[in-house]
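*Asks:* The structure that follows is given in the form of structure tokens.
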Amino acid sequence: MSSTPELQNRLPESDMNFQPIQDELYKDNPSKEMKGALKVLNDSLKKTSATLLPRNQLKQAIDIVREEWFKVTSSSDCGGQLVKNYINWFTSYSPVLLEFIINMTDAAGNTVLHYSISHGNFDVVSTILDTGVCNVNLTNDAGYSSVMLVSLADIKNDDEIKIITRLFKCGDVNLQAKKHGQTTLMLAVSHGKSEVVKLLLECGANLNMQDEDGSTALMCAAEHGLQEIVNILLACPECDVSIADNDGSTALSIAMEAGHREIGIALYAKQHILSRENSPFNLSKSKRSRSANTVMPSSNSNMTYSHLSLKKSPSLQPKEYATLSSMLKTRIP
């Protein structure tokens with residue numbers, strides 16, 4: 001595949017503009033060269049006479065298919081109908097050829113699904129999912145699946161919500177990135193995508209999973225002052241606010257140290273008031289005496305957290321999460 005400039009690792013997602021090969025795209029169908037390569041590749045996959053071809057000739061056929069396929073699909077303005085036309089050609093040869101090409105990767109390990117999601121081209125995403133042979137859990141060389149890229153998406157309408165929901169149900173929403181062990185939910189939280197967060201939770205995302213630092217999605221939201229997302233996570237009955245990271249910090253201590261008092265109040269309420277067994281109003285007198293050192297709000301005073309004893313972690317720094325440019329970086333083959 002022809003080379004493209006390598007993208008910088010830390011660009012804002014709005015600055016990420018993958019540049020496909022600057023040749024004129026084919027109008028409707030595969031080129032004559034690609035059709036010939038498709039036949040060779042299909043024969044090889046079906047283990048017919050093409051298996052007798054020299055290896056370099058088979059590699060040349062694969063390179064021709066890969067070149068044109070990604071030339072078409074990596075464009076931000078690629079249309080769903082054009083992709084359907086190509087898919088119809090693949091299908092006309094055999095289902096095994098279709099599956100091979102749909103899951104084909106470029107030099108950086110990206111599939112057509114990685115590109116269409118990164119461009120917010122959900123018409124193409126839907127077309128790819130319609131094939132029924134797309135492995136949405138494939139990760140690129142940067143360690144991210146196509147599902148993870150949705151964590152940066154701006155959802156425009158109900159149709160896109162339906163497509164994204166379908167994508168989540170086809171894949172593993174709890175898959176962790178190879179680098180740092182972050183989940184799609186953690187990434188969506190870190191980029192403030194509340195709608196994506198809601199969809200992930202509806203599709204079975206585990207909000208208590210921890211990355212390699214022991215951090216959870218709730219800790220990320222608390223650290224960055226994302227009140228709306230904190231509320232969404234706390235509304236889930238399974239949300240565990242007592243989880244501590246590798247430094248021993250909880251979402252509550254992180255929120256207080258970052259100065260997000262309202263979030264701290266919500267977390268404190270979840271942990272100590274809304275939980276029936278831990279509610280100070282339901283504790284026996286003997287239990288209160290054993291917990292004399294625990295700070296509890298007075299029933300006749302305003303709730304205050306200025307006196308909470310929180311151990312300050314000197315190593316606590318704002319966590320850096322992947323940007324689109326680092327999740328979908330290209331390289332010279």
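Going through the structure tokens in order, the chains are called A, B, and so on, while each chain numbers its residues from 1 and the ligands are numbered from 1 in the order shown.
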Counting only C-alpha atoms, what is within 10 Å of stretch 219-229 of chain A, bar same-chain residues fewer than 6 positions away, as JSON, numbers by chain?

*Replies:* {"A": [186, 187, 188, 189, 190, 191, 192, 193, 194, 195, 197, 198, 208, 210, 235, 241, 243, 244, 245, 249, 250, 251, 252, 253, 254, 255, 256, 257, 258, 259, 260, 261, 262, 263, 264, 266, 267, 316, 317, 318, 319, 320, 321]}

*Asks:* Give me, please, the distance in Å between atom CA of A:Leu218 and atom CA of A:Ser242, quoted to one decimal.

*Replies:*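 We find that atom CA of A:Leu218 and atom CA of A:Ser242 lie 10.6 Å from each other.
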
*Asks:* Near A:Asp77, within 10 Å and counting only C-alpha atoms, which residues show up once chain neighbours fewer than 5 positions away are dropped, as a short mmCIF file (atom, residue, chain, number, x, y, z; two decimals) with all heavy atoms, in the first residue's frame?

*Replies:*
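Output file result-v5.cif is given in full below:
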```
data_model
loop_
_atom_site.label_atom_id
_atom_site.label_comp_id
_atom_site.auth_asym_id
_atom_site.auth_seq_id
_atom_site.Cartn_x
_atom_site.Cartn_y
_atom_site.Cartn_z
N VAL A 72 -10.30 3.37 -1.36
CA VAL A 72 -11.72 3.72 -1.42
C VAL A 72 -12.29 3.97 -0.02
O VAL A 72 -12.91 4.99 0.24
CB VAL A 72 -12.52 2.59 -2.12
CG1 VAL A 72 -14.01 2.82 -1.98
CG2 VAL A 72 -12.13 2.51 -3.59
N SER A 116 -13.94 4.01 8.98
CA SER A 116 -15.29 4.56 8.85
C SER A 116 -15.77 5.13 10.19
O SER A 116 -16.44 6.18 10.22
CB SER A 116 -16.26 3.50 8.34
OG SER A 116 -16.23 2.34 9.15
N HIS A 119 -14.03 8.50 10.97
CA HIS A 119 -14.58 9.59 10.17
C HIS A 119 -16.04 9.89 10.53
O HIS A 119 -16.64 10.79 9.96
CB HIS A 119 -14.49 9.27 8.68
CG HIS A 119 -13.09 9.20 8.15
ND1 HIS A 119 -12.16 10.19 8.38
CD2 HIS A 119 -12.46 8.27 7.38
CE1 HIS A 119 -11.01 9.86 7.79
NE2 HIS A 119 -11.18 8.71 7.18
N GLY A 120 -16.61 9.12 11.45
CA GLY A 120 -18.02 9.30 11.77
C GLY A 120 -18.92 8.91 10.63
O GLY A 120 -20.06 9.39 10.52
N ASN A 121 -18.43 8.02 9.77
CA ASN A 121 -19.17 7.60 8.58
C ASN A 121 -19.98 6.35 8.91
O ASN A 121 -19.62 5.22 8.54
CB ASN A 121 -18.19 7.33 7.43
CG ASN A 121 -18.87 7.29 6.09
OD1 ASN A 121 -20.08 7.09 6.00
ND2 ASN A 121 -18.11 7.48 5.03
#
```

*Asks:* Please provide the set of residues having any atom within 10 Å of A:Cys170, restricted to only C-alpha atoms, with same-chain residues fewer than 2 positions apart removed, written as a list in words.

*Replies:* Leu129, Gly132, Cys134, Asn135, Val136, Asn137, Val147, Ile164, Thr165, Arg166, Leu167, Phe168, Asp172, Val173 and Cys203 of chain A

*Asks:* Mind dumping the selected residues with N, CA, C and O atoms as a PDB file, in the first residue's frame?

*Replies:*
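Once written, result_28.pdb looks like this:
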```pdb
ATOM      1  N   LEU A 129     -21.266  -3.916   8.786  1.00  0.00           N
ATOM      2  CA  LEU A 129     -21.917  -4.823   9.739  1.00  0.00           C
ATOM      3  C   LEU A 129     -22.930  -5.724   9.047  1.00  0.00           C
ATOM      4  O   LEU A 129     -23.144  -6.869   9.462  1.00  0.00           O
ATOM      5  N   GLY A 132     -22.146  -9.403   8.036  1.00  0.00           N
ATOM      6  CA  GLY A 132     -22.204 -10.482   9.011  1.00  0.00           C
ATOM      7  C   GLY A 132     -20.900 -11.219   9.217  1.00  0.00           C
ATOM      8  O   GLY A 132     -20.854 -12.226   9.934  1.00  0.00           O
ATOM      9  N   CYS A 134     -17.811  -9.369   9.802  1.00  0.00           N
ATOM     10  CA  CYS A 134     -16.821  -8.423  10.319  1.00  0.00           C
ATOM     11  C   CYS A 134     -16.454  -8.756  11.762  1.00  0.00           C
ATOM     12  O   CYS A 134     -17.334  -8.890  12.619  1.00  0.00           O
ATOM     13  N   ASN A 135     -15.173  -8.873  12.020  1.00  0.00           N
ATOM     14  CA  ASN A 135     -14.676  -9.088  13.386  1.00  0.00           C
ATOM     15  C   ASN A 135     -14.419  -7.719  14.007  1.00  0.00           C
ATOM     16  O   ASN A 135     -13.361  -7.123  13.816  1.00  0.00           O
ATOM     17  N   VAL A 136     -15.374  -7.219  14.769  1.00  0.00           N
ATOM     18  CA  VAL A 136     -15.275  -5.861  15.313  1.00  0.00           C
ATOM     19  C   VAL A 136     -14.292  -5.775  16.463  1.00  0.00           C
ATOM     20  O   VAL A 136     -13.974  -4.672  16.924  1.00  0.00           O
ATOM     21  N   ASN A 137     -13.781  -6.913  16.937  1.00  0.00           N
ATOM     22  CA  ASN A 137     -12.843  -6.901  18.062  1.00  0.00           C
ATOM     23  C   ASN A 137     -11.382  -6.861  17.627  1.00  0.00           C
ATOM     24  O   ASN A 137     -10.483  -6.857  18.482  1.00  0.00           O
ATOM     25  N   VAL A 147     -14.454  -0.725  18.024  1.00  0.00           N
ATOM     26  CA  VAL A 147     -15.447  -0.354  19.036  1.00  0.00           C
ATOM     27  C   VAL A 147     -14.913   0.769  19.912  1.00  0.00           C
ATOM     28  O   VAL A 147     -15.635   1.702  20.274  1.00  0.00           O
ATOM     29  N   ILE A 164     -24.596   2.426  16.273  1.00  0.00           N
ATOM     30  CA  ILE A 164     -23.595   2.273  17.333  1.00  0.00           C
ATOM     31  C   ILE A 164     -24.018   1.183  18.315  1.00  0.00           C
ATOM     32  O   ILE A 164     -23.190   0.369  18.748  1.00  0.00           O
ATOM     33  N   THR A 165     -25.295   1.162  18.654  1.00  0.00           N
ATOM     34  CA  THR A 165     -25.801   0.119  19.545  1.00  0.00           C
ATOM     35  C   THR A 165     -25.592  -1.260  18.933  1.00  0.00           C
ATOM     36  O   THR A 165     -25.177  -2.211  19.606  1.00  0.00           O
ATOM     37  N   ARG A 166     -25.864  -1.354  17.649  1.00  0.00           N
ATOM     38  CA  ARG A 166     -25.651  -2.620  16.942  1.00  0.00           C
ATOM     39  C   ARG A 166     -24.180  -3.018  16.966  1.00  0.00           C
ATOM     40  O   ARG A 166     -23.841  -4.195  17.164  1.00  0.00           O
ATOM     41  N   LEU A 167     -23.308  -2.049  16.757  1.00  0.00           N
ATOM     42  CA  LEU A 167     -21.867  -2.309  16.783  1.00  0.00           C
ATOM     43  C   LEU A 167     -21.442  -2.822  18.153  1.00  0.00           C
ATOM     44  O   LEU A 167     -20.699  -3.811  18.258  1.00  0.00           O
ATOM     45  N   PHE A 168     -21.910  -2.164  19.213  1.00  0.00           N
ATOM     46  CA  PHE A 168     -21.556  -2.577  20.569  1.00  0.00           C
ATOM     47  C   PHE A 168     -22.017  -4.003  20.858  1.00  0.00           C
ATOM     48  O   PHE A 168     -21.328  -4.773  21.523  1.00  0.00           O
ATOM     49  N   ASP A 172     -17.090  -6.839  21.823  1.00  0.00           N
ATOM     50  CA  ASP A 172     -16.826  -6.922  23.257  1.00  0.00           C
ATOM     51  C   ASP A 172     -16.588  -5.509  23.786  1.00  0.00           C
ATOM     52  O   ASP A 172     -15.516  -4.952  23.605  1.00  0.00           O
ATOM     53  N   VAL A 173     -17.597  -4.950  24.447  1.00  0.00           N
ATOM     54  CA  VAL A 173     -17.465  -3.572  24.947  1.00  0.00           C
ATOM     55  C   VAL A 173     -16.540  -3.503  26.152  1.00  0.00           C
ATOM     56  O   VAL A 173     -16.153  -2.405  26.574  1.00  0.00           O
ATOM     57  N   CYS A 203     -25.404  -1.580  26.848  1.00  0.00           N
ATOM     58  CA  CYS A 203     -24.921  -2.752  26.112  1.00  0.00           C
ATOM     59  C   CYS A 203     -23.988  -3.630  26.945  1.00  0.00           C
ATOM     60  O   CYS A 203     -23.262  -4.471  26.402  1.00  0.00           O
TER      61      CYS A 203
END
```

*Asks:* Need the shell around A:Asp211: protein/DNA/RNA residues with any atom at most 7 Å away, counting only C-alpha atoms. Skip same-chain ones fewer than 6 positions apart. Format as a PDB file with all heavy atoms, in the first residue's frame?

*Replies:*
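Generated file (around04.pdb):
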```pdb
ATOM      1  N   HIS A 180      -2.060   0.322  28.421  1.00  0.00           N
ATOM      2  CA  HIS A 180      -2.695   0.914  29.606  1.00  0.00           C
ATOM      3  C   HIS A 180      -3.961   0.187  30.066  1.00  0.00           C
ATOM      4  O   HIS A 180      -4.461   0.473  31.151  1.00  0.00           O
ATOM      5  CB  HIS A 180      -3.024   2.401  29.393  1.00  0.00           C
ATOM      6  CG  HIS A 180      -1.850   3.227  28.991  1.00  0.00           C
ATOM      7  ND1 HIS A 180      -0.644   3.190  29.667  1.00  0.00           N
ATOM      8  CD2 HIS A 180      -1.676   4.117  27.974  1.00  0.00           C
ATOM      9  CE1 HIS A 180       0.220   4.018  29.093  1.00  0.00           C
ATOM     10  NE2 HIS A 180      -0.371   4.581  28.061  1.00  0.00           N
ATOM     11  N   GLY A 181      -4.512  -0.725  29.259  1.00  0.00           N
ATOM     12  CA  GLY A 181      -5.643  -1.514  29.706  1.00  0.00           C
ATOM     13  C   GLY A 181      -6.951  -0.754  29.835  1.00  0.00           C
ATOM     14  O   GLY A 181      -7.836  -1.150  30.597  1.00  0.00           O
ATOM     15  N   GLN A 182      -7.104   0.309  29.092  1.00  0.00           N
ATOM     16  CA  GLN A 182      -8.341   1.092  29.172  1.00  0.00           C
ATOM     17  C   GLN A 182      -9.457   0.434  28.365  1.00  0.00           C
ATOM     18  O   GLN A 182      -9.219  -0.193  27.338  1.00  0.00           O
ATOM     19  CB  GLN A 182      -8.090   2.512  28.658  1.00  0.00           C
ATOM     20  CG  GLN A 182      -7.121   3.288  29.521  1.00  0.00           C
ATOM     21  CD  GLN A 182      -6.416   4.394  28.757  1.00  0.00           C
ATOM     22  OE1 GLN A 182      -6.683   4.606  27.577  1.00  0.00           O
ATOM     23  NE2 GLN A 182      -5.524   5.095  29.415  1.00  0.00           N
TER      24      GLN A 182
END
```

*Asks:* Please determine, counting only C-alpha atoms, which residue among A:Asn29, A:Ser146, A:Val133, A:Asn85 has the shortest atom-to-atom distance to A:Leu113.

*Replies:*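 Under the stated criterion, the closest residue is A:Ser146.
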
*Asks:* I'd like to know which of A:Ser126, A:Pro237, A:Asp154, A:Phe100 is closest to A:Gln271, using only C-alpha atoms.

*Replies:*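 For A:Gln271, the nearest of the given residues is A:Pro237.
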
*Asks:* Name all residues at most 9 Å from stretch 60-64 of chain A (count only C-alpha atoms; drop same-chain ones fewer than 5 positions away) and give them as a PDB file with N, CA, C and O atoms, in the first residue's frame.

*Replies:*
```pdb
ATOM      1  N   MET A   1       0.853  -1.196   0.000  1.00  0.00           N
ATOM      2  CA  MET A   1       0.000   0.000   0.000  1.00  0.00           C
ATOM      3  C   MET A   1       0.881   1.234   0.000  1.00  0.00           C
ATOM      4  O   MET A   1       1.916   1.293   0.669  1.00  0.00           O
ATOM      5  N   GLU A  33      -7.785  -4.272 -12.741  1.00  0.00           N
ATOM      6  CA  GLU A  33      -6.651  -4.901 -12.062  1.00  0.00           C
ATOM      7  C   GLU A  33      -7.114  -5.587 -10.769  1.00  0.00           C
ATOM      8  O   GLU A  33      -6.682  -6.695 -10.451  1.00  0.00           O
ATOM      9  N   MET A  34      -8.001  -4.931 -10.046  1.00  0.00           N
ATOM     10  CA  MET A  34      -8.464  -5.518  -8.796  1.00  0.00           C
ATOM     11  C   MET A  34      -9.304  -6.768  -9.054  1.00  0.00           C
ATOM     12  O   MET A  34      -9.201  -7.754  -8.315  1.00  0.00           O
ATOM     13  N   GLY A  36      -8.987  -8.896 -11.444  1.00  0.00           N
ATOM     14  CA  GLY A  36      -8.065 -10.000 -11.727  1.00  0.00           C
ATOM     15  C   GLY A  36      -7.416 -10.517 -10.455  1.00  0.00           C
ATOM     16  O   GLY A  36      -7.281 -11.730 -10.253  1.00  0.00           O
ATOM     17  N   ALA A  37      -7.045  -9.582  -9.564  1.00  0.00           N
ATOM     18  CA  ALA A  37      -6.426  -9.973  -8.298  1.00  0.00           C
ATOM     19  C   ALA A  37      -7.419 -10.692  -7.403  1.00  0.00           C
ATOM     20  O   ALA A  37      -7.052 -11.619  -6.670  1.00  0.00           O
ATOM     21  N   LEU A  38      -8.685 -10.299  -7.457  1.00  0.00           N
ATOM     22  CA  LEU A  38      -9.713 -10.955  -6.657  1.00  0.00           C
ATOM     23  C   LEU A  38      -9.855 -12.424  -7.045  1.00  0.00           C
ATOM     24  O   LEU A  38     -10.028 -13.300  -6.183  1.00  0.00           O
ATOM     25  N   LYS A  39      -9.776 -12.703  -8.347  1.00  0.00           N
ATOM     26  CA  LYS A  39      -9.901 -14.089  -8.810  1.00  0.00           C
ATOM     27  C   LYS A  39      -8.737 -14.930  -8.308  1.00  0.00           C
ATOM     28  O   LYS A  39      -8.931 -16.054  -7.814  1.00  0.00           O
ATOM     29  N   VAL A  40      -7.529 -14.379  -8.409  1.00  0.00           N
ATOM     30  CA  VAL A  40      -6.352 -15.108  -7.937  1.00  0.00           C
ATOM     31  C   VAL A  40      -6.458 -15.369  -6.434  1.00  0.00           C
ATOM     32  O   VAL A  40      -6.204 -16.481  -5.955  1.00  0.00           O
ATOM     33  N   LEU A  41      -6.836 -14.342  -5.695  1.00  0.00           N
ATOM     34  CA  LEU A  41      -6.938 -14.461  -4.240  1.00  0.00           C
ATOM     35  C   LEU A  41      -8.039 -15.444  -3.846  1.00  0.00           C
ATOM     36  O   LEU A  41      -7.858 -16.270  -2.944  1.00  0.00           O
ATOM     37  N   ARG A  55       4.758 -17.606  -4.553  1.00  0.00           N
ATOM     38  CA  ARG A  55       4.312 -16.816  -3.413  1.00  0.00           C
ATOM     39  C   ARG A  55       4.311 -15.325  -3.717  1.00  0.00           C
ATOM     40  O   ARG A  55       3.415 -14.605  -3.299  1.00  0.00           O
ATOM     41  N   TRP A  69      -8.780  -1.287  -2.002  1.00  0.00           N
ATOM     42  CA  TRP A  69      -9.814  -1.358  -0.953  1.00  0.00           C
ATOM     43  C   TRP A  69      -9.663  -0.216   0.045  1.00  0.00           C
ATOM     44  O   TRP A  69     -10.614   0.472   0.377  1.00  0.00           O
TER      45      TRP A  69
END
```

*Asks:* For the atom pair atom CA of A:Gly143 and atom CA of A:Val230, what is the interatomic distance in Å to one decimal place?

*Replies:*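 Answer for the atom CA of A:Gly143 to atom CA of A:Val230 separation: 26.9 Å.
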